[in-house]
Structure formats: C-alpha cells, structure tokens
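Coordinates from run01.cif are shown below (mmCIF, C-alpha atoms).
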```cif
data_upload
loop_
_atom_site.label_atom_id
_atom_site.label_comp_id
_atom_site.auth_asym_id
_atom_site.auth_seq_id
_atom_site.Cartn_x
_atom_site.Cartn_y
_atom_site.Cartn_z
CA MET A 1 0.00 0.00 0.00
CA GLU A 2 1.09 3.57 -0.70
CA LYS A 3 2.34 5.70 2.21
CA LEU A 4 -0.54 7.96 3.24
CA ASN A 5 -0.43 11.59 4.34
CA LEU A 6 -1.94 10.54 7.67
CA PRO A 7 -0.38 9.28 10.89
CA SER A 8 0.19 5.54 11.13
CA TYR A 9 -1.72 3.47 13.67
CA PRO A 10 -1.21 -0.03 15.10
CA PHE A 11 -3.96 -1.79 13.15
CA ARG A 12 -4.52 -5.53 13.43
CA TYR A 13 -4.26 -7.45 10.17
CA LYS A 14 -4.83 -11.03 9.14
CA ASN A 15 -4.53 -13.05 5.97
CA VAL A 16 -7.14 -15.51 4.79
CA GLY A 17 -6.03 -17.26 1.65
CA GLN A 18 -4.92 -14.61 -0.81
CA ARG A 19 -6.86 -11.81 0.93
CA LYS A 20 -5.61 -9.45 3.58
CA TYR A 21 -8.01 -8.10 6.22
CA ILE A 22 -7.85 -5.18 8.65
CA PHE A 23 -9.69 -5.07 11.95
CA ASP A 24 -12.22 -2.24 11.94
CA SER A 25 -12.51 -1.13 15.56
CA PHE A 26 -15.59 0.96 14.73
CA ARG A 27 -17.59 -1.90 13.21
CA LYS A 28 -15.90 -4.46 15.48
CA LYS A 29 -14.97 -6.88 12.69
CA TYR A 30 -12.33 -7.69 10.11
CA VAL A 31 -12.95 -6.22 6.66
CA VAL A 32 -11.16 -6.80 3.37
CA LEU A 33 -8.18 -4.47 3.09
CA THR A 34 -8.56 -2.47 -0.12
CA PRO A 35 -6.75 0.80 -0.83
CA GLU A 36 -9.98 2.72 -0.06
CA GLU A 37 -10.48 0.79 3.19
CA GLU A 38 -6.93 1.65 4.24
CA VAL A 39 -7.75 5.35 3.75
CA ARG A 40 -11.10 4.99 5.57
CA GLN A 41 -9.48 3.32 8.59
CA HIS A 42 -6.61 5.80 8.82
CA PHE A 43 -8.87 8.81 8.44
CA ALA A 44 -11.34 7.59 11.07
CA MET A 45 -8.46 7.05 13.50
CA PHE A 46 -7.12 10.51 12.61
CA LEU A 47 -10.48 12.01 13.61
CA VAL A 48 -10.35 10.21 16.96
CA ASN A 49 -6.67 10.65 17.81
CA HIS A 50 -5.87 14.06 16.35
CA CYS A 51 -9.21 15.85 16.19
CA SER A 52 -10.56 14.46 19.50
CA TYR A 53 -13.78 13.09 18.01
CA PRO A 54 -15.42 10.44 20.22
CA ALA A 55 -15.07 7.02 18.56
CA ALA A 56 -18.63 6.22 19.63
CA ARG A 57 -19.90 9.07 17.40
CA ILE A 58 -18.22 7.80 14.23
CA GLY A 59 -20.02 5.52 11.79
CA LEU A 60 -18.32 3.78 8.88
CA GLU A 61 -20.12 2.65 5.74
CA VAL A 62 -23.33 4.34 6.90
CA ARG A 63 -26.41 3.44 4.85
CA ILE A 64 -28.23 6.36 3.30
CA ARG A 65 -31.63 5.70 1.79
CA THR A 66 -32.80 8.03 -0.92
CA THR A 67 -36.11 7.79 -2.71
CA GLN A 68 -34.77 5.33 -5.27
CA LEU A 69 -31.37 4.10 -4.12
CA GLU A 70 -29.49 2.95 -1.08
CA ARG A 71 -25.97 4.32 -0.79
CA ARG A 72 -23.21 4.16 1.79
CA SER A 73 -21.27 7.10 3.14
CA ASP A 74 -17.70 6.19 4.07
CA ILE A 75 -17.66 8.08 7.38
CA VAL A 76 -20.35 9.99 9.23
CA VAL A 77 -19.58 11.80 12.48
CA TYR A 78 -22.58 12.43 14.71
CA ASN A 79 -22.85 15.33 17.13
CA ASP A 80 -24.04 14.98 20.72
CA SER A 81 -27.65 15.18 19.51
CA PHE A 82 -26.97 12.14 17.27
CA LYS A 83 -27.35 14.23 14.13
CA PRO A 84 -24.79 14.12 11.31
CA GLY A 85 -22.12 16.79 11.73
CA LEU A 86 -19.47 15.66 9.22
CA ILE A 87 -19.63 13.43 6.16
CA VAL A 88 -16.33 12.09 4.80
CA GLU A 89 -15.93 10.55 1.36
CA CYS A 90 -12.80 8.38 1.06
CA LYS A 91 -11.10 7.28 -2.12
CA ALA A 92 -8.06 5.14 -2.84
CA PRO A 93 -4.74 7.02 -3.10
CA SER A 94 -4.66 6.31 -6.84
CA ILE A 95 -7.91 8.27 -7.34
CA GLU A 96 -7.37 11.95 -7.99
CA ILE A 97 -9.64 14.27 -6.00
CA GLN A 98 -11.96 15.86 -8.55
CA GLU A 99 -15.25 17.75 -8.54
CA SER A 100 -17.20 14.51 -9.03
CA ILE A 101 -16.02 13.30 -5.62
CA PHE A 102 -17.28 16.50 -3.99
CA ASP A 103 -20.55 16.00 -5.88
CA GLN A 104 -20.88 12.55 -4.33
CA ALA A 105 -20.35 13.96 -0.81
CA VAL A 106 -22.86 16.74 -1.50
CA ARG A 107 -25.46 14.14 -2.56
CA TYR A 108 -25.04 12.52 0.86
CA HIS A 109 -25.31 15.97 2.43
CA LEU A 110 -28.67 16.50 0.70
CA GLU A 111 -29.99 13.51 2.64
CA LEU A 112 -28.19 14.01 5.96
CA HIS A 113 -27.85 17.82 6.14
CA ALA A 114 -24.48 17.68 7.90
CA PRO A 115 -22.84 21.12 8.14
CA TYR A 116 -19.43 19.78 7.03
CA ILE A 117 -18.24 17.50 4.25
CA ALA A 118 -14.73 16.26 3.63
CA VAL A 119 -13.06 14.27 0.89
CA THR A 120 -9.76 12.44 1.07
CA ASN A 121 -7.68 9.99 -0.90
CA GLY A 122 -5.27 9.60 1.99
CA LEU A 123 -2.80 11.92 0.32
CA ARG A 124 -4.88 15.07 -0.03
CA HIS A 125 -7.70 16.14 2.27
CA PHE A 126 -10.32 18.83 1.80
CA CYS A 127 -13.06 20.06 4.11
CA CYS A 128 -16.04 22.30 3.34
CA ARG A 129 -18.61 24.05 5.51
CA ILE A 130 -22.10 23.99 4.06
CA ASP A 131 -24.68 26.60 4.95
CA ASN A 132 -27.84 24.52 5.29
CA GLU A 133 -30.04 27.58 4.69
CA THR A 134 -28.43 28.80 1.45
CA GLY A 135 -26.87 25.56 0.24
CA LYS A 136 -23.57 27.35 -0.41
CA TRP A 137 -20.35 25.63 0.58
CA HIS A 138 -16.98 27.06 1.43
CA PHE A 139 -13.61 25.40 1.84
CA VAL A 140 -12.16 25.62 5.34
CA ASP A 141 -8.48 25.27 6.16
CA HIS A 142 -8.99 22.84 9.04
CA PHE A 143 -11.17 19.98 10.16
CA PRO A 144 -13.74 21.29 12.61
CA ALA A 145 -13.30 20.59 16.29
CA TYR A 146 -15.93 18.19 17.57
CA GLY A 147 -17.63 21.07 19.40
CA GLU A 148 -18.13 22.89 16.08
CA LEU A 149 -20.45 20.07 15.00
CA GLN A 150 -22.84 20.91 17.86
CA ALA A 151 -24.09 24.49 17.58
CA ASN A 152 -26.90 25.45 15.22
CA GLN A 153 -26.78 22.18 13.33
CA PRO A 154 -30.11 21.03 11.87
CA GLY A 155 -28.78 17.64 10.69
CA ARG A 156 -31.38 14.94 10.11
CA GLU A 157 -31.47 11.81 12.26
CA ILE A 158 -31.06 8.57 10.35
#
```

Here is a file; write its structure as structure tokens.
Amino acid sequence: MEKLNLPSYPFRYKNVGQRKYIFDSFRKKYVVLTPEEEVRQHFAMFLVNHCSYPAARIGLEVRIRTTQLERRSDIVVYNDSFKPGLIVECKAPSIEIQESIFDQAVRYHLELHAPYIAVTNGLRHFCCRIDNETGKWHFVDHFPAYGELQANQPGREI
C-alpha cells in the first residue's frame, strides 16, 4: 500500500487465503483491506486521535436511503444530539480528487444535512462548511473541532 499523508496506527491485520483483512474497531470486525479501506481506517483514526472526536460518534459505511437508491457514506460523524455533523468521502490514493467526488459527498449531504463534508484519498484532504439555509459551501483550512459540530446544526437523524 502507498504511504498515506496521515499518521500511522497499530492496526490488526490477518490473511485468509490470498486476501488481507484489517480489523475495523468501529464496526468491530475484520474487513477486506482495499486501498480505499486503508484510507477509511486511517482517516477515522485521525479524527479520533488528532481531532478528538469520540469514537462512539463515528459511523463507517453508513447506509443512506434516498427515494430510489441505497448508498453508503464512508464516514459519518454524529454530534451529541446524534445528528450528522461531518460526512467524509474516502477514495483510494490512486484516485485523484476531482469535482465529481465532492458532488458525491454533496449528494449525501442532501440527505443528511451535515454542516461539514470532507473528501480524502489519503494523500490530499479537503473540508467544506455547508450553509444549510443557502446551500452554499466554502472550503475551510482545518477539520472542525468536535464542538463545532454541535451548535446550530439542523442535521437529520437517520
């Protein structure tokens, strides 16, 4: 796997046949280790260890039901009211961050109404603040502190 622009963590791995697995401490099970999963695991741990987000408020592979489709958001961070505060879309390091990836995160935002979205490929990370009243989004130069996910956030419960 490519060296990520994220801190390293002491993950547990195992091999079954030709497949390698990583233990997902959020979902409490081993999952197939793909390049995207490596980014998802590292970024979730980054949120806990470097941004002080409570692990109990982080969901991985969260189902989002729209009128016609069921999708999965890579990471959703819930605020203390159990409403989405941050949606993170993860891609493999080989995938260049483009507008279409932001569009995917915004589609999840339209269902969850989280005030922040982020996209990462493990090498580059971007975060945006979305004004839920106007729908406009603005890049921010930091990931919000957990407390910033609390105030004035009309996120929808799922």

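Proximity of A:Tyr53, A:Tyr30, A:Phe126, A:Phe82 to A:Glu148, computed with only C-alpha atoms, is greatest for A:Tyr53.
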
> What is the distance, in Å and to one decimal place, between atom CA of A:Arg19 and atom CA of A:Glu36?
Replying inline: 14.9 Å

Selection result of the PyMOL selection byres ((chain A and resi 2) around 9) on this file, as a short mmCIF file (atom, residue, chain, number, x, y, z; two decimals) with C-alpha atoms, keeping the file's coordinate frame:
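Dumped everything to part-v7.cif:
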```cif
data_model
loop_
_atom_site.label_atom_id
_atom_site.label_comp_id
_atom_site.auth_asym_id
_atom_site.auth_seq_id
_atom_site.Cartn_x
_atom_site.Cartn_y
_atom_site.Cartn_z
CA MET A 1 0.00 0.00 0.00
CA LYS A 3 2.34 5.70 2.21
CA LEU A 4 -0.54 7.96 3.24
CA PRO A 35 -6.75 0.80 -0.83
CA PRO A 93 -4.74 7.02 -3.10
CA SER A 94 -4.66 6.31 -6.84
#
```

>> Going by the chain IDs and residue numbers used in this file, which residues fall under the PyMOL selection byres ((chain A and resi 97-113) around 9)? Write them as JSON, numbers by chain.
In response: {"A": [64, 65, 66, 71, 72, 73, 83, 84, 85, 86, 87, 88, 89, 90, 91, 95, 96, 114, 115, 116, 117, 118, 119, 120, 121, 124, 125, 130, 132, 153, 154, 155, 156, 157, 158]}

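This file, queried with the PyMOL selection byres ((chain A and resi 138-140) around 6), gives the residues Cys127, Cys128, Arg129, Trp137, Asp141 and His142 of chain A.
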
Fix up stretch 73-90 of chain A with N, CA and C atoms, then write it as a short mmCIF file (atom, residue, chain, number, x, y, z; two decimals), in the frame of the given file.
```
data_model
loop_
_atom_site.label_atom_id
_atom_site.label_comp_id
_atom_site.auth_asym_id
_atom_site.auth_seq_id
_atom_site.Cartn_x
_atom_site.Cartn_y
_atom_site.Cartn_z
N SER A 73 -22.26 6.05 2.90
CA SER A 73 -21.27 7.10 3.14
C SER A 73 -20.10 6.46 3.87
N ASP A 74 -18.88 6.80 3.47
CA ASP A 74 -17.70 6.19 4.07
C ASP A 74 -17.62 6.45 5.57
N ILE A 75 -17.73 7.71 5.96
CA ILE A 75 -17.66 8.08 7.38
C ILE A 75 -18.70 9.14 7.66
N VAL A 76 -19.44 8.96 8.74
CA VAL A 76 -20.35 9.99 9.23
C VAL A 76 -20.03 10.20 10.70
N VAL A 77 -19.79 11.46 11.07
CA VAL A 77 -19.58 11.80 12.48
C VAL A 77 -20.86 12.44 12.99
N TYR A 78 -21.35 11.93 14.12
CA TYR A 78 -22.58 12.43 14.71
C TYR A 78 -22.25 13.37 15.86
N ASN A 79 -23.05 14.41 16.00
CA ASN A 79 -22.85 15.33 17.13
C ASN A 79 -23.51 14.75 18.37
N ASP A 80 -23.49 15.49 19.46
CA ASP A 80 -24.04 14.98 20.72
C ASP A 80 -25.55 14.81 20.69
N SER A 81 -26.21 15.38 19.68
CA SER A 81 -27.65 15.18 19.51
C SER A 81 -27.93 14.03 18.55
N PHE A 82 -26.88 13.28 18.19
CA PHE A 82 -26.97 12.14 17.27
C PHE A 82 -27.42 12.55 15.88
N LYS A 83 -27.07 13.76 15.48
CA LYS A 83 -27.35 14.23 14.13
C LYS A 83 -26.03 14.33 13.39
N PRO A 84 -26.04 14.06 12.07
CA PRO A 84 -24.79 14.12 11.31
C PRO A 84 -24.15 15.51 11.37
N GLY A 85 -22.87 15.54 11.67
CA GLY A 85 -22.12 16.79 11.73
C GLY A 85 -21.05 16.87 10.67
N LEU A 86 -20.54 15.72 10.23
CA LEU A 86 -19.47 15.66 9.22
C LEU A 86 -19.65 14.40 8.41
N ILE A 87 -19.60 14.55 7.09
CA ILE A 87 -19.63 13.43 6.16
C ILE A 87 -18.27 13.39 5.48
N VAL A 88 -17.64 12.22 5.44
CA VAL A 88 -16.33 12.09 4.80
C VAL A 88 -16.42 11.06 3.69
N GLU A 89 -16.01 11.45 2.50
CA GLU A 89 -15.93 10.55 1.36
C GLU A 89 -14.46 10.18 1.16
N CYS A 90 -14.17 8.88 1.20
CA CYS A 90 -12.80 8.38 1.06
C CYS A 90 -12.62 7.71 -0.30
#
```
